Amino acid sequence: MPFSAFLNHAMTRLRAGMVFALIAFLSIVLLSACADGGEVGVTEDASWNSESTPTAKTTDKPAAASETPAPTEGSGSSEAEGTKAEETEQGRAGGSAAGTALALLDELEVKGRAPKTGYDADLFKWRSDADHNGCDTRNDVLRRDLSDITLKAGTKGCVVIAGGLKDQYKGETYTFDRDPNNIDIDHIVARSNAWQTGAATFDEDTLKEFGNDPLNLLAVSSSLNRQKGDGDAATWLPPAKSYRCEYVSRQIAIKHKYDLWVVTAEKSAMQRVLSACDDEPAFTENVTWPKPGEGDDVTTAEDTKRKSSNSQKSNSTGSSSKETRTSGGGSVYYENCTAARDAGAAPVRRGDAGYASHLDRDGDGVGCE
């Protein structure tokens with residue numbers, strides 16, 4: 001074969017081979033593309049391997065499972081229910097609007113009630129002149145909470161002998177009557193309740209502060225105060241429903257101030273009350289005492305009713321023999337501190353009419369503290 005013919009033949013075969021190679025290459029590319037397209041649906045397949053990253057559709061499946069009916073009894077639902085209840089009782093940070101009573105409640109610790117071991121109401125030294133304004137705490141409260149007040153002459157503007165009370169617990173207004181006494185001073189967070197929720201660790205000064213704190217004291221109906229006893233929000237609420245939100249808000253403020261805790265039932269009751277007024281603000285009202293001689297529409301007068309009553313008792317029982325001259329230079333005699341308190345004279349200081357050593361057990365010069 002001539003060389004030129006051989007060369008032409010070789011070139012023809014070479015071109016054919018290149019075309020075949022090109023066709024083969026294109027075929028491989030197409031087959032590869034088809035294989036890649038088949039893998040697109042693998043993410044929806046249940047056989048997607050654990051090393052792959054789940055797609056959005058895959059992560060939706062657990063959420064759908066949460067909508068299935070709750071497990072039947074005995075299937076483990078109690079643990080979930082317990083967790084839910086715990087969340088409800090404990091509250092979650094940021095769950096309530098800032099500045100509300102509910103938000104302040106969420107800051108209180110929830111614990112069980114401590115034992116009453118060692119409790120004595122006298123440890124709180126209620127009725128003492130804790131603020132050193134010259135008046136006992138009971139009369140401080142009366143001067144603050146009553147209206148149209150009459151003060152007893154000669155008591156340095158302290159002792160209230162008449163006035164009217166808008167009773168928050170009752171939702172009624174009535175006249176203060178000291179004989180018989182129809183108004184008590186309530187510890188909004190009872191001393192016993194405080195003792196069992198943290199106050200047992202207080203020092204002497206803090207106990208006294210708590211027992212005479214204006215924030216924690218309110219003039220109310222004697223019958224309702226005795227009905228309440230040492231109950232918390234879970235066992236007693238004011239009959240006047242219109243006052244319950246403020247009442248609970250004030251209890252929360254007191255517990256927060258003294259770092260006291262709440263028990264589970266107590267917190268639940270507070271939440272139920274505040275659910276009707278979830279925007280109830282944390283209690284920040286000014287509750288300080290007026291100065292001696294001050295109050296709402298104050299007048300001063302002799303306690304003629306008390307004098308008349310004492311005179312009648314003296315004449316009918318012959319008890320005037322007990323009216324002995326005391327170190328105070330007067331002729332007033334109080335058989336005990338109850339009588340002194342009923343007369344509105346407690347505390348009785350050395351030099352005051354009615355002071356006597358049997359009223360001053362600790363000998364500090366102040367009787368019936």
# chains A, B, ... in the order shown; residues from 1 in each chain; ligands from 1
call {"tool": "select_by_dssp", "arguments": {"residues": "range 169-237 of chain A", "states": "helix (DSSP H, G or I)", "output": "list in words"}}
result
Arg191, Ser192, Asn193, Ala194, Trp195, Ala199, Ala200, Thr201, Glu204, Asp205, Thr206, Leu207, Lys208, Glu209, Phe210, Gly211, Pro214, Leu215, Asn216, Ser222, Ser223, Leu224, Asn225, Arg226, Gln227 and Lys228 of chain A
call {"tool": "residues_around", "arguments": {"residues": "His187 in chain A", "least_positions_apart": "2", "cutoff": "6 Å", "atoms": "only C-alpha atoms", "output": "number ranges by chain"}}
result
A: 189-190, 216-217
call {"tool": "atom_distance", "arguments": {"atom1": "CA of Gly231 in chain A", "atom2": "CA of Asp278 in chain A"}}
result
23.1 Å
call {"tool": "closest_atom_pairs", "arguments": {"of": "range 158-236 of chain A", "to": "range 100-112 of chain A", "cutoff": "12 Å", "atoms": "only C-alpha atoms", "output": "tab-separated table"}}
result
residue	atom	partner	partner_atom	distance
A:Asn193	CA	A:Gly112	CA	11.8
A:Gln196	CA	A:Gly112	CA	8.9
A:Thr197	CA	A:Lys111	CA	8.0
A:Gly198	CA	A:Lys111	CA	10.0
call {"tool": "closest_residue", "arguments": {"among": "A:Leu146, A:Arg113, A:Cys135, A:Gln168", "to": "Glu266 in chain A", "atoms": "only C-alpha atoms"}}
result
A:Arg113
call {"tool": "closest_residue", "arguments": {"among": "A:Thr300, A:Ser357, A:Thr175, A:Thr284", "to": "Ala153 in chain A", "atoms": "only C-alpha atoms"}}
result
A:Thr300
call {"tool": "atom_distance", "arguments": {"atom1": "CA of Ile252 in chain A", "atom2": "CA of Asn286 in chain A"}}
result
15.9 Å
call {"tool": "closest_atom_pairs", "arguments": {"of": "range 165-281 of chain A", "to": "range 122-127 of chain A", "cutoff": "8 Å", "atoms": "only C-alpha atoms", "output": "tab-separated table"}}
result
residue	atom	partner	partner_atom	distance
A:Arg191	CA	A:Phe124	CA	7.7
A:Glu204	CA	A:Leu123	CA	7.5
A:Leu207	CA	A:Phe124	CA	4.8
A:Lys208	CA	A:Phe124	CA	4.6
A:Glu209	CA	A:Phe124	CA	7.6
A:Phe210	CA	A:Phe124	CA	6.9
A:Gly211	CA	A:Phe124	CA	4.8
A:Asn212	CA	A:Trp126	CA	5.7
call {"tool": "residues_around", "arguments": {"residues": "Leu142 in chain A", "least_positions_apart": "3", "cutoff": "7 Å", "atoms": "only C-alpha atoms", "output": "list in words"}}
result
Arg138, Asn139, Asp145, Leu146, Val160 and Ala219 of chain A
call {"tool": "atom_distance", "arguments": {"atom1": "CA of Val273 in chain A", "atom2": "CA of Ala121 in chain A"}}
result
28.5 Å
